[in-house]
Every structure is written in C-alpha cells, then in structure tokens.
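Source file: protein01.cif. Holds: mmCIF, C-alpha atoms.
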data_protein
#
loop_
_atom_site.label_atom_id
_atom_site.label_comp_id
_atom_site.auth_asym_id
_atom_site.auth_seq_id
_atom_site.Cartn_x
_atom_site.Cartn_y
_atom_site.Cartn_z
CA MET G 1 7.55 3.02 33.09
CA MET G 2 4.38 2.75 31.08
CA ASN G 3 0.98 1.38 31.99
CA TYR G 4 0.09 -0.84 29.05
CA LYS G 5 -3.10 -2.85 29.59
CA ARG G 6 -1.87 -5.59 27.32
CA MET G 7 1.40 -5.80 29.26
CA LEU G 8 -0.51 -6.34 32.49
CA LEU G 9 -2.75 -8.99 30.91
CA ALA G 10 0.12 -10.90 29.36
CA GLY G 11 2.35 -10.40 32.38
CA SER G 12 -0.25 -11.93 34.72
CA LEU G 13 -0.09 -15.11 32.68
CA LEU G 14 3.65 -15.30 33.12
CA VAL G 15 3.81 -14.96 36.90
CA GLY G 16 6.01 -17.75 38.10
CA ALA G 17 6.17 -19.29 34.64
CA PHE G 18 9.93 -19.43 34.54
CA ALA G 19 10.76 -19.07 38.20
CA MET G 20 11.71 -22.70 38.58
CA GLN G 21 12.64 -25.74 36.52
CA ALA G 22 9.96 -27.81 34.85
CA SER G 23 9.33 -30.95 36.85
CA ALA G 24 8.29 -34.49 36.03
CA GLN G 25 5.16 -35.41 37.97
CA SER G 26 3.71 -38.77 38.92
CA VAL G 27 0.43 -39.08 37.05
CA GLU G 28 -3.02 -39.89 38.41
CA GLY G 29 -4.89 -37.48 36.16
CA THR G 30 -3.31 -34.22 35.11
CA ASP G 31 -4.70 -30.84 34.12
CA TYR G 32 -2.65 -28.89 31.59
CA TYR G 33 -2.71 -26.03 29.09
CA LEU G 34 -1.54 -25.70 25.52
CA PRO G 35 0.35 -22.51 24.70
CA LYS G 36 -0.32 -19.42 22.66
CA THR G 37 2.28 -16.94 21.46
CA MET G 38 2.87 -13.55 23.04
CA LEU G 39 5.11 -11.04 21.27
CA ARG G 40 7.80 -9.31 23.32
CA PHE G 41 9.10 -6.16 21.67
CA THR G 42 12.31 -4.41 22.66
CA VAL G 43 12.20 -0.74 21.67
CA LYS G 44 15.60 0.94 21.50
CA VAL G 45 15.44 4.68 22.08
CA GLU G 46 18.25 7.21 21.83
CA LYS G 47 18.08 10.31 24.05
CA THR G 48 20.06 13.37 22.95
CA GLN G 49 20.71 16.25 25.35
CA TYR G 50 22.13 19.52 24.02
CA THR G 51 23.67 22.09 26.38
CA PRO G 52 24.59 25.45 24.82
CA GLY G 53 28.13 26.74 25.26
CA GLN G 54 29.15 29.68 27.42
CA PHE G 55 29.78 31.77 24.29
CA ALA G 56 26.88 30.46 22.17
CA LYS G 57 25.58 33.95 21.36
CA TYR G 58 28.97 34.84 19.81
CA ALA G 59 29.35 31.68 17.72
CA MET G 60 28.30 33.25 14.42
CA ARG G 61 30.45 36.34 14.95
CA TYR G 62 33.70 34.57 15.81
CA ILE G 63 33.64 31.02 14.40
CA ARG G 64 30.92 31.40 11.73
CA GLN G 65 28.58 28.74 13.18
CA ASN G 66 24.89 29.19 13.85
CA VAL G 67 24.07 27.39 17.12
CA SER G 68 21.11 27.35 19.47
CA GLU G 69 21.28 29.27 22.73
CA GLU G 70 18.57 27.08 24.31
CA ALA G 71 19.12 23.69 25.95
CA SER G 72 17.09 20.87 24.43
CA THR G 73 16.33 17.17 24.79
CA SER G 74 15.15 14.95 21.94
CA TYR G 75 14.43 11.26 21.41
CA ARG G 76 14.40 8.91 18.45
CA VAL G 77 13.70 5.22 17.90
CA ILE G 78 16.89 3.53 16.69
CA GLY G 79 15.82 -0.11 16.74
CA LEU G 80 12.99 -2.58 17.29
CA GLU G 81 13.35 -6.31 18.05
CA MET G 82 10.71 -8.99 18.64
CA ASP G 83 10.92 -12.28 20.54
CA PRO G 84 8.04 -14.79 20.78
CA VAL G 85 7.10 -16.03 24.25
CA ALA G 86 4.90 -19.03 25.09
CA VAL G 87 2.09 -18.36 27.59
CA PRO G 88 -0.76 -20.67 28.66
CA ASP G 89 -3.92 -20.45 26.57
CA THR G 90 -6.77 -20.62 29.10
CA THR G 91 -9.19 -21.60 26.33
CA LYS G 92 -7.11 -24.76 25.80
CA HIS G 93 -7.32 -26.29 29.26
CA PHE G 94 -7.53 -30.09 29.21
CA THR G 95 -7.29 -33.03 31.57
CA LEU G 96 -5.18 -36.04 30.73
CA GLN G 97 -7.33 -38.95 31.93
CA LEU G 98 -5.37 -42.02 32.98
CA ASP G 99 -6.19 -45.57 33.90
CA LYS G 100 -4.50 -48.96 34.16
CA LYS G 101 -5.09 -49.63 30.46
CA HIS G 102 -2.62 -46.94 29.43
CA SER G 103 1.10 -46.95 30.11
CA ILE G 104 1.82 -43.36 31.12
CA THR G 105 4.26 -42.96 33.99
CA ASP G 106 5.16 -39.28 33.87
CA VAL G 107 3.82 -35.99 32.54
CA THR G 108 6.11 -32.98 32.39
CA ARG G 109 4.58 -29.54 32.66
CA ALA G 110 6.07 -26.08 32.89
CA PRO G 111 5.50 -24.22 36.18
CA ASN G 112 2.69 -22.32 34.41
CA GLY G 113 0.85 -25.58 33.63
CA GLN G 114 1.85 -25.85 29.98
CA LEU G 115 2.21 -29.43 28.74
CA LEU G 116 5.77 -30.19 27.67
CA ALA G 117 6.15 -33.97 27.47
CA VAL G 118 4.67 -37.37 28.25
CA ASN G 119 6.81 -40.28 29.53
CA THR G 120 9.94 -38.12 29.49
CA GLU G 121 11.28 -34.80 30.73
CA ALA G 122 11.56 -31.51 28.85
CA GLN G 123 12.33 -27.88 29.57
CA PRO G 124 10.12 -24.84 28.89
CA LEU G 125 11.25 -22.26 26.38
CA ARG G 126 12.94 -19.47 28.28
CA PRO G 127 12.27 -16.01 26.84
CA VAL G 128 15.19 -14.20 25.27
CA VAL G 129 16.46 -11.53 27.65
CA ARG G 130 17.95 -8.62 25.76
CA ARG G 131 20.33 -6.53 27.83
CA PHE G 132 21.93 -3.26 26.82
CA SER G 133 25.54 -2.66 27.76
CA PRO G 134 26.47 1.01 27.30
CA ALA G 135 29.87 1.82 25.90
CA ALA G 136 32.35 3.52 28.19
CA ARG G 137 32.28 7.29 27.85
CA PRO G 138 35.49 9.21 27.30
CA LYS G 139 36.63 11.33 30.20
CA ALA G 140 35.14 14.80 30.02
CA VAL G 141 37.61 17.60 29.24
CA ASN G 142 37.24 20.97 30.95
CA PRO G 143 37.64 23.84 28.42
CA ALA G 144 38.90 26.10 31.22
CA ASP G 145 42.06 23.97 31.34
CA PHE G 146 43.03 25.34 27.91
CA MET G 147 42.16 29.01 28.50
CA THR G 148 45.07 31.40 28.52
CA ALA G 149 45.63 33.93 31.31
CA ASP G 150 44.37 36.69 29.01
CA ILE G 151 41.08 34.84 28.46
CA LEU G 152 40.56 34.18 32.14
CA ASN G 153 41.36 37.80 33.07
CA ALA G 154 39.17 39.38 30.38
CA SER G 155 36.83 42.07 31.70
CA ASN G 156 33.61 40.67 30.19
CA THR G 157 32.12 37.66 28.39
CA ALA G 158 32.30 39.27 24.96
CA LYS G 159 36.05 39.84 25.35
CA MET G 160 36.52 36.27 26.63
CA ALA G 161 34.73 34.96 23.55
CA GLU G 162 36.90 37.07 21.24
CA LEU G 163 40.15 35.91 22.86
CA THR G 164 38.97 32.26 22.89
CA ALA G 165 38.23 32.44 19.16
CA GLN G 166 41.69 33.89 18.54
CA GLU G 167 43.22 31.03 20.55
CA ILE G 168 41.31 28.50 18.40
CA TYR G 169 42.70 30.10 15.22
CA ASP G 170 46.21 30.09 16.70
CA ILE G 171 45.90 26.37 17.46
CA ARG G 172 44.78 25.69 13.87
CA ASP G 173 47.72 27.68 12.55
CA SER G 174 50.17 25.73 14.75
CA ARG G 175 48.73 22.43 13.55
CA SER G 176 49.04 23.52 9.93
CA GLN G 177 52.69 24.50 10.41
CA LEU G 178 53.47 21.15 12.08
CA ALA G 179 51.81 19.24 9.26
CA LYS G 180 53.85 21.18 6.68
CA GLY G 181 57.10 20.84 8.62
CA GLU G 182 57.40 24.63 8.99
CA ALA G 183 57.02 24.94 12.79
CA ASP G 184 59.79 26.63 14.80
CA TYR G 185 60.05 23.49 16.89
CA MET G 186 59.61 20.23 14.99
CA PRO G 187 59.20 16.85 16.72
CA LYS G 188 62.05 14.33 16.63
CA ASP G 189 60.04 11.49 15.13
CA GLY G 190 56.65 10.53 13.72
CA GLU G 191 55.25 9.31 17.04
CA GLN G 192 56.03 12.61 18.74
CA LEU G 193 54.40 14.44 15.81
CA LYS G 194 51.22 12.38 16.24
CA THR G 195 51.16 13.18 19.96
CA MET G 196 51.54 16.91 19.35
CA LEU G 197 48.82 16.94 16.69
CA ARG G 198 46.50 14.94 18.96
CA ASN G 199 47.02 17.42 21.80
CA LEU G 200 46.27 20.35 19.50
CA ASP G 201 43.06 18.62 18.33
CA THR G 202 41.97 18.15 21.95
CA GLN G 203 42.60 21.81 22.75
CA GLU G 204 40.71 23.04 19.70
CA GLN G 205 37.72 20.74 20.22
CA SER G 206 37.46 21.64 23.90
CA LEU G 207 37.59 25.40 23.32
CA THR G 208 35.16 25.14 20.40
CA THR G 209 32.51 23.61 22.69
CA LEU G 210 32.40 26.96 24.50
CA PHE G 211 30.68 28.22 21.33
CA THR G 212 28.96 25.14 19.90
CA GLY G 213 27.89 23.54 23.18
CA THR G 214 27.94 19.86 24.12
CA VAL G 215 25.80 16.93 23.03
CA VAL G 216 25.34 13.85 25.24
CA LYS G 217 23.61 10.73 23.92
CA ASP G 218 22.14 7.87 25.96
CA THR G 219 20.38 4.72 24.83
CA ALA G 220 17.54 3.00 26.71
CA TRP G 221 15.77 -0.29 25.96
CA THR G 222 12.11 -0.70 26.88
CA THR G 223 10.13 -3.97 26.72
CA ILE G 224 6.52 -4.06 25.51
CA ASP G 225 4.45 -7.26 25.56
CA TYR G 226 1.63 -7.75 23.06
CA LEU G 227 -0.75 -10.72 22.91
CA PRO G 228 -2.33 -11.21 19.45
CA VAL G 229 -5.91 -12.44 19.70
CA LYS G 230 -7.10 -11.65 16.18
CA GLU G 231 -5.96 -10.29 12.86
CA GLY G 232 -5.98 -6.54 12.38
CA GLU G 233 -4.26 -3.34 13.38
CA GLU G 234 -4.05 -1.38 16.63
CA VAL G 235 -1.71 0.97 18.48
CA LEU G 236 1.31 -0.81 19.96
CA PHE G 237 2.83 2.28 21.57
CA ARG G 238 3.18 6.01 21.04
CA PHE G 239 6.40 7.97 20.72
CA SER G 240 7.22 11.65 21.13
CA LYS G 241 10.42 13.31 19.93
CA ARG G 242 10.26 15.53 23.02
CA LEU G 243 9.11 12.96 25.61
CA GLY G 244 10.21 9.58 24.29
CA LEU G 245 7.95 6.54 24.81
CA VAL G 246 4.54 7.45 26.20
CA ASP G 247 1.37 5.49 27.03
CA ALA G 248 -0.61 4.05 24.13
CA ASP G 249 -3.47 6.44 24.93
CA ASP G 250 -1.26 9.54 25.28
CA TYR G 251 -1.82 11.64 22.17
CA ALA G 252 1.35 13.63 22.83
CA GLY G 253 3.11 10.84 20.94
CA ALA G 254 2.80 9.62 17.36
CA PRO G 255 1.24 6.14 17.10
CA TYR G 256 3.22 3.06 16.17
CA TYR G 257 0.74 0.50 14.88
CA ILE G 258 1.04 -3.28 14.96
CA ARG G 259 -0.50 -5.25 12.10
CA VAL G 260 -1.12 -8.95 12.63
CA ALA G 261 -1.93 -11.25 9.71
CA ASP G 262 -2.68 -14.97 9.91
CA GLU G 263 -0.77 -16.72 7.12
CA HIS G 264 -3.25 -19.66 7.23
CA THR G 265 -0.61 -22.39 7.13
CA VAL G 266 -2.99 -24.99 8.59
CA ALA G 267 -6.39 -26.21 7.42
CA PRO G 268 -9.46 -24.61 9.05
CA ALA G 269 -10.68 -26.18 12.27
CA ALA G 270 -13.56 -28.64 12.18
CA SER G 271 -16.99 -27.49 13.26
CA VAL G 272 -18.12 -28.08 16.84
CA ALA G 273 -20.50 -30.81 15.66
CA GLU G 274 -17.74 -32.62 13.76
CA ASP G 275 -15.42 -32.34 16.75
CA GLU G 276 -18.00 -33.84 19.10
CA LYS G 277 -18.63 -36.68 16.66
CA LYS G 278 -14.90 -37.53 16.56
CA LYS G 279 -14.75 -37.60 20.35
CA LYS G 280 -17.65 -40.05 20.56
CA GLU G 281 -16.10 -42.28 17.88
CA ASP G 282 -12.68 -42.36 19.57
CA LYS G 283 -13.01 -44.83 22.41
CA ASN G 284 -9.36 -44.24 23.27
CA ASP G 285 -9.70 -40.50 23.85
CA ILE G 286 -7.70 -39.81 27.03
CA GLY G 287 -7.81 -36.02 26.77
CA LEU G 288 -4.40 -35.65 25.13
CA ARG G 289 -4.35 -32.64 22.81
CA VAL G 290 -1.64 -30.90 20.79
CA ASN G 291 -1.58 -27.71 18.77
CA GLN G 292 -1.37 -27.45 15.02
CA PRO G 293 -0.16 -23.82 14.96
CA SER G 294 -0.48 -21.47 12.06
CA LYS G 295 2.03 -18.73 11.36
CA MET G 296 1.52 -15.00 11.64
CA LYS G 297 3.19 -12.03 10.03
CA ILE G 298 3.72 -9.01 12.25
CA THR G 299 4.43 -5.54 10.91
CA VAL G 300 5.05 -2.42 12.99
CA VAL G 301 4.45 0.83 11.11
CA CYS G 302 4.64 4.57 11.79
CA ASP G 303 3.35 7.15 9.32
CA GLN G 304 2.55 4.25 6.98
CA GLN G 305 6.24 3.31 6.87
CA PRO G 306 7.34 -0.15 8.10
CA VAL G 307 9.56 -0.03 11.18
CA GLY G 308 9.93 -3.78 11.56
CA THR G 309 8.55 -6.98 10.00
CA PHE G 310 8.57 -10.32 11.82
CA GLU G 311 7.14 -13.84 11.67
CA ALA G 312 6.17 -16.20 14.49
CA VAL G 313 4.25 -19.40 15.11
CA ALA G 314 0.64 -18.70 16.07
CA PRO G 315 -1.09 -21.49 18.01
CA GLN G 316 -4.02 -19.12 18.64
CA PHE G 317 -4.67 -19.05 14.89
CA GLY G 318 -4.22 -22.79 14.39
CA THR G 319 -6.15 -25.89 15.38
CA VAL G 320 -6.09 -28.49 18.17
CA GLU G 321 -5.63 -32.17 17.41
CA SER G 322 -6.40 -35.19 19.59
CA LEU G 323 -3.81 -37.94 20.10
CA SER G 324 -5.31 -41.37 20.71
CA GLY G 325 -4.68 -43.33 23.86
CA GLU G 326 -3.61 -46.23 21.63
CA LEU G 327 -0.17 -44.60 21.59
CA PHE G 328 0.21 -45.56 25.25
CA GLY G 329 -0.65 -49.25 25.29
CA LYS G 330 0.56 -51.77 27.84
CA LYS G 331 2.78 -53.67 25.40
CA GLN G 332 4.19 -50.66 23.57
CA SER G 333 4.02 -47.10 24.81
CA THR G 334 5.26 -43.77 23.48
CA ARG G 335 7.64 -41.01 24.49
CA LEU G 336 6.17 -37.64 23.42
CA VAL G 337 7.83 -34.21 23.44
CA LEU G 338 5.99 -31.03 22.44
CA ASP G 339 7.43 -27.87 20.92
CA PRO G 340 7.62 -25.54 23.94
CA LEU G 341 6.65 -22.49 21.88
CA GLY G 342 3.93 -23.78 19.56
CA GLY G 343 2.61 -26.81 21.47
CA SER G 344 2.87 -29.08 18.42
CA VAL G 345 4.50 -32.52 18.36
CA LYS G 346 8.26 -32.06 18.34
CA LYS G 347 9.33 -35.65 18.89
CA ILE G 348 7.49 -38.94 19.20
CA GLU G 349 9.05 -42.36 19.54
CA GLY G 350 7.97 -45.82 20.63
CA LEU G 351 8.94 -47.44 23.91
CA GLU G 352 9.20 -51.21 24.02
CA LYS G 353 7.81 -52.70 27.23
#

Please render this file's structure as structure tokens.
Amino acid sequence: MMNYKRMLLAGSLLVGAFAMQASAQSVEGTDYYLPKTMLRFTVKVEKTQYTPGQFAKYAMRYIRQNVSEEASTSYRVIGLEMDPVAVPDTTKHFTLQLDKKHSITDVTRAPNGQLLAVNTEAQPLRPVVRRFSPAARPKAVNPADFMTADILNASNTAKMAELTAQEIYDIRDSRSQLAKGEADYMPKDGEQLKTMLRNLDTQEQSLTTLFTGTVVKDTAWTTIDYLPVKEGEEVLFRFSKRLGLVDADDYAGAPYYIRVADEHTVAPAASVAEDEKKKKEDKNDIGLRVNQPSKMKITVVCDQQPVGTFEAVAPQFGTVESLSGELFGKKQSTRLVLDPLGGSVKKIEGLEK
C-alpha cells in the first residue's frame, strides 16, 4: 500500500525468518547472529463515507436539519499498537569455534541465523499477528419500501419531500399515541407493543435518511515496520483526513513522528582497546557472544500530542558479552538458552557428563 524505505530494509532481513521451524544442527563450527529489535506498528484507521439523501436540499425546510448536499469521504486514526520483532543484527555476526576440548553437541539457530540455544533446542519468537475481524453489518433497508402511494405518485421531487416529511411526522404521532395508550388499536401485550414501536422506529429512520443521507464506516489495519538505529525523532508516517495513510514523504498528510530514547539500563560498552585486551587474555574464547540489551522508550506524536507510548528491549543500544569456553568442558558442560527477542541469557544450567 505504501512504499516505506524502512519497511523494505527491515522486511529484507525477515525473508524466510519464520517460514520454518528452528532446527538443531550438528556442530563443526557455526556462524550466527545476535538479534536487534524492530518495531512493528499496527495503525487502525476508520474510513467514513457520507452519501447525501435524495431530499437533502429540503432537509432544513421540512425536518429542520442542516445537512450537506455533497458526498464526502474522511479518515481518522482510531488506534495504534506496537509489537517488537527480533531481526538479525549484521554487525553482530560471530563464529562459534569448536574443538575436541569443548563439549558442544548441538547449536540451535533460527532460520534467519539468529542464535537461540547451545546443547538444547529452542524456538524463535514469532511476531504477533494482529488481525481485524469486522462486525457484521445490519441488512440495509430501502426507504422506498415505506413510501406511500401518494409519495411515489407525486409530480416532482419537492412534493415527494413534503409528503415524506408529513409521513415522518405521522409515524412520530402514532408512536406517541401507542406509548401513551391512546391509539385506536392497542396491542394485546407488552411484547406486541415493543414490536409495533420497533417497526415504527425502522420506518421513521429509513424515511429520514432520504433527507439526512447515509453514513458508512469501515476500519482498516495497516502495518508499518520501523528499525531504530539511534536515538532521536523522525517521521514514522503521514496521515491525511481526506486520503488516509500516505507515504512518509507525501506532504498531503500531517506527520506522525516517532521518538526513540535509550533508557541506558546497561553500563556503557568497553572501548575497542579494552575489548581486544580481554580477548587476548581469555584463552577459552570460543566466539560465543550474548547481548546485554538496554531498554528504549518509544513515543509517537502528532501536533506535539502523544498518540502512543511504548517500551521495548533494545539490543542495538546495549552491549555484547563473551561467554567463556570453560562452560563447555569435557567433564561438565552447559545447556544455554537465549532470550529470542533480546539475545541475552534466558536460561543456563549445568550438564553432568
């Protein structure tokens, strides 16, 4: 529907990511990625279509309502949801180096190459799929079914409008008499009274639409993917009351901005020199890395007013930690499971040999 550059970038990372089950692989040396978090927004938009009635130009004269004689379509945002999605971080591509000194039998990766577990199986995090189920619409009523012979045989539109208005007032009078118990023919019981009143309401509402027109509302859900790479603010999408969702660079729509803020929940990363020093000192470095994700606060605003505020784990704003090969010795090894969204250690337990 829309050509968002960020959607294409993020989407390319997800091709095939969840098309099949994660599999346990026999290890001889395994390349893998750690994840970063993509934000998947579901924008809920309501479309309203107004169609003027046949007698719209006579509405003020006969039923004292000022209505438009022109058809119109308008849109409004009625909701915004966000779901985090794990995608491979190509800047965090590592190789798990194995040899006979280390007891690693299996490595489980997602189809997109994301590391999920060592010496056990695990499943990737499947993105939430939000589906909209429209409510059943009531059967449309044809106003012509309630027109009297005099209305249908009127010589011109103005006369038809006058007679239709008189019929509406007659229906209101009949309903009032029924409610007061003063009608010439009164129902036998309460249920019959309800049925008669309901039928009169249907007749009045149907004939009134000939003056006031009809309004039809539809709801559509659109998905927008956004990949945070830094703190700051930029346009997430644009929205027009006349056109609905438009491209981010289409100035026919008002901008909805996304603000991303790192909450700095982890200590700053070590310098490159310090990191290299640690690698040289660790003789048991087998290339096993895990994320220490930070958290981020996401705010979507329009006209400086918040539309939605969310939080999510942010591996791209966190650090990467090395796990020593000592965890996978010959006498005692380890079963390791990573958080499928953040790439941090979710579960670690020893395995007796």

Please, what distance in Å, to one decimal, runs between atom CA of Lys36 of chain G and atom CA of Asn291 of chain G? 9.2 Å

Do you know which residues the PyMOL selection byres ((chain G and resi 264) around 7) returns on this file, as number ranges by chain? G: 262-263, 265-266, 294-295

The selected residues should be written to file as a PDB file, in the frame of the given file (atoms: C-alpha atoms).
ATOM      1  CA  ASP G 262      -2.680 -14.970   9.910  1.00  0.00           C
ATOM      2  CA  GLU G 263      -0.770 -16.720   7.120  1.00  0.00           C
ATOM      3  CA  THR G 265      -0.610 -22.390   7.130  1.00  0.00           C
ATOM      4  CA  VAL G 266      -2.990 -24.990   8.590  1.00  0.00           C
ATOM      5  CA  SER G 294      -0.480 -21.470  12.060  1.00  0.00           C
ATOM      6  CA  LYS G 295       2.030 -18.730  11.360  1.00  0.00           C
TER       7      LYS G 295
END

Quick one: residues within 6 Å of segment 95-104 of chain G, all atoms listed in the file counted, chain neighbours fewer than 5 positions away excluded, as a list in words? Gly29, Thr30, Asp31, Ile286, Gly287, Leu288, Phe328, Gly329 and Lys330 of chain G

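You will find atom CA of Ala154 of chain G at 24.9 Å from atom CA of Ala140 of chain G.
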
Nearest residue to Glu70 of chain G from the set G:Thr42, G:Ser322, G:Thr37, G:Thr214 (distances using all atoms listed in the file):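 For Glu70 of chain G, the nearest of the given residues is G:Thr214.
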
Do you know which residues the PyMOL selection byres ((chain G and resi 327) around 10) returns on this file, as a ChimeraX atom specification? /G:102-104,284,323-326,328-330,332-336,348-351

Using all atoms listed in the file, determine which residues lie at most 8 Å from Asp89 of chain G, disregarding the query and same-chain residues fewer than 2 positions distant; provide the list as JSON, numbers by chain. {"G": [33, 34, 35, 36, 87, 91, 92, 93]}

Separation of atom CA of Tyr226 of chain G from atom CA of Tyr75 of chain G, in Å and rounded to one decimal: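 That distance, rounded to one decimal, is 23.0 Å.
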
Please provide as a list in words all residues within 12 Å of Asp303 of chain G, with the sequence filter that same-chain residues fewer than 2 positions apart are discarded (counting all atoms listed in the file).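 So the residues in contact are Arg238, Phe239, Ala254, Pro255, Tyr256, Tyr257, Val300, Val301, Gln305, Pro306 and Val307 of chain G.
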
Can you turn the PyMOL selection byres ((chain G and resi 209) around 12) into a concrete residue list for this file, as number ranges by chain? G: 50-56, 59, 63, 65, 67, 140-144, 146, 161, 164-165, 168, 202-208, 210-215

Restrict the selected residues to C-alpha atoms and save them as a PDB file, in the coordinates of the input.
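And here is the file that came out, selection_24.pdb:
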ATOM      1  CA  TYR G  50      22.130  19.520  24.020  1.00  0.00           C
ATOM      2  CA  THR G  51      23.670  22.090  26.380  1.00  0.00           C
ATOM      3  CA  PRO G  52      24.590  25.450  24.820  1.00  0.00           C
ATOM      4  CA  GLY G  53      28.130  26.740  25.260  1.00  0.00           C
ATOM      5  CA  GLN G  54      29.150  29.680  27.420  1.00  0.00           C
ATOM      6  CA  PHE G  55      29.780  31.770  24.290  1.00  0.00           C
ATOM      7  CA  ALA G  56      26.880  30.460  22.170  1.00  0.00           C
ATOM      8  CA  ALA G  59      29.350  31.680  17.720  1.00  0.00           C
ATOM      9  CA  ILE G  63      33.640  31.020  14.400  1.00  0.00           C
ATOM     10  CA  GLN G  65      28.580  28.740  13.180  1.00  0.00           C
ATOM     11  CA  VAL G  67      24.070  27.390  17.120  1.00  0.00           C
ATOM     12  CA  ALA G 140      35.140  14.800  30.020  1.00  0.00           C
ATOM     13  CA  VAL G 141      37.610  17.600  29.240  1.00  0.00           C
ATOM     14  CA  ASN G 142      37.240  20.970  30.950  1.00  0.00           C
ATOM     15  CA  PRO G 143      37.640  23.840  28.420  1.00  0.00           C
ATOM     16  CA  ALA G 144      38.900  26.100  31.220  1.00  0.00           C
ATOM     17  CA  PHE G 146      43.030  25.340  27.910  1.00  0.00           C
ATOM     18  CA  ALA G 161      34.730  34.960  23.550  1.00  0.00           C
ATOM     19  CA  THR G 164      38.970  32.260  22.890  1.00  0.00           C
ATOM     20  CA  ALA G 165      38.230  32.440  19.160  1.00  0.00           C
ATOM     21  CA  ILE G 168      41.310  28.500  18.400  1.00  0.00           C
ATOM     22  CA  THR G 202      41.970  18.150  21.950  1.00  0.00           C
ATOM     23  CA  GLN G 203      42.600  21.810  22.750  1.00  0.00           C
ATOM     24  CA  GLU G 204      40.710  23.040  19.700  1.00  0.00           C
ATOM     25  CA  GLN G 205      37.720  20.740  20.220  1.00  0.00           C
ATOM     26  CA  SER G 206      37.460  21.640  23.900  1.00  0.00           C
ATOM     27  CA  LEU G 207      37.590  25.400  23.320  1.00  0.00           C
ATOM     28  CA  THR G 208      35.160  25.140  20.400  1.00  0.00           C
ATOM     29  CA  LEU G 210      32.400  26.960  24.500  1.00  0.00           C
ATOM     30  CA  PHE G 211      30.680  28.220  21.330  1.00  0.00           C
ATOM     31  CA  THR G 212      28.960  25.140  19.900  1.00  0.00           C
ATOM     32  CA  GLY G 213      27.890  23.540  23.180  1.00  0.00           C
ATOM     33  CA  THR G 214      27.940  19.860  24.120  1.00  0.00           C
ATOM     34  CA  VAL G 215      25.800  16.930  23.030  1.00  0.00           C
TER      35      VAL G 215
END

Can you list, as a PyMOL selection string, every protein, DNA or RNA residue that comes within 12 Å of Met82 of chain G when you count all atoms listed in the file, leaving out same-chain residues fewer than 3 positions away? chain G and resi 37-44+79+85+127-130+222-226+258+297-300+307-312

Of the candidates G:Pro340, G:Arg289, G:Ala252, G:Glu231, which one gets nearest to Phe317 of chain G if we count only C-alpha atoms?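 Smallest separation from Phe317 of chain G among the options: G:Glu231.
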
Within 8 Å of Ala122 of chain G using all atoms listed in the file, minus same-chain residues under 3 positions, as JSON, numbers by chain: {"G": [22, 108, 116, 117, 337]}

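Across G:Gln192, G:Tyr58, G:Ser72, G:Leu236, the tightest approach to Lys159 of chain G is made by G:Tyr58 when counting only C-alpha atoms.
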
Residue list as a PyMOL selection string for point (21.0, 5.4, 24.4), cut-off 8 Å, all atoms listed in the file: chain G and resi 44-47+134+217-221

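The shortest atom-to-atom distance to Asn112 of chain G, with all atoms listed in the file taken into account, belongs to G:Tyr32 out of G:Leu193, G:Pro84, G:Tyr32, G:Ser68.
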
Using all atoms listed in the file, can you tell me which of G:Lys283, G:Lys230, G:Lys241, G:Arg175 comes closest to Arg259 of chain G?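 Of all the options, G:Lys230 lies closest to Arg259 of chain G.
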
Which residue of G:Gln123, G:Ser74, G:Ser133, G:Thr319 approaches Asp339 of chain G most closely, using only C-alpha atoms: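 Under the stated criterion, the closest residue is G:Gln123.
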
Residue completion, segment 94-98 of chain G, all heavy atoms, as a compact mmCIF listing (two decimals), in the frame of the given file:
# COMPACT_ATOMS: atom_id res chain seq x y z
N PHE G 94 -7.08 -28.71 29.35
CA PHE G 94 -7.53 -30.09 29.21
C PHE G 94 -7.08 -30.92 30.41
O PHE G 94 -6.22 -30.50 31.18
CB PHE G 94 -6.97 -30.72 27.92
CG PHE G 94 -7.29 -29.93 26.68
CD1 PHE G 94 -6.32 -29.10 26.09
CD2 PHE G 94 -8.55 -30.00 26.10
CE1 PHE G 94 -6.62 -28.37 24.95
CE2 PHE G 94 -8.84 -29.28 24.96
CZ PHE G 94 -7.88 -28.46 24.39
N THR G 95 -7.67 -32.09 30.52
CA THR G 95 -7.29 -33.03 31.57
C THR G 95 -6.88 -34.34 30.93
O THR G 95 -7.64 -34.93 30.16
CB THR G 95 -8.46 -33.28 32.54
OG1 THR G 95 -8.84 -32.05 33.15
CG2 THR G 95 -8.04 -34.27 33.62
N LEU G 96 -5.68 -34.77 31.24
CA LEU G 96 -5.18 -36.04 30.73
C LEU G 96 -5.72 -37.15 31.64
O LEU G 96 -5.31 -37.28 32.79
CB LEU G 96 -3.65 -36.03 30.74
CG LEU G 96 -2.96 -37.23 30.08
CD1 LEU G 96 -3.35 -37.35 28.61
CD2 LEU G 96 -1.45 -37.10 30.21
N GLN G 97 -6.66 -37.91 31.14
CA GLN G 97 -7.33 -38.95 31.93
C GLN G 97 -6.55 -40.26 31.82
O GLN G 97 -6.29 -40.74 30.73
CB GLN G 97 -8.76 -39.14 31.41
CG GLN G 97 -9.58 -37.87 31.48
CD GLN G 97 -10.91 -38.02 30.77
OE1 GLN G 97 -11.21 -39.06 30.19
NE2 GLN G 97 -11.72 -36.96 30.84
N LEU G 98 -6.22 -40.82 32.96
CA LEU G 98 -5.37 -42.02 32.98
C LEU G 98 -6.06 -43.18 33.69
O LEU G 98 -6.87 -42.99 34.59
CB LEU G 98 -4.05 -41.70 33.70
CG LEU G 98 -3.29 -40.47 33.16
CD1 LEU G 98 -2.02 -40.30 33.95
CD2 LEU G 98 -3.00 -40.63 31.69
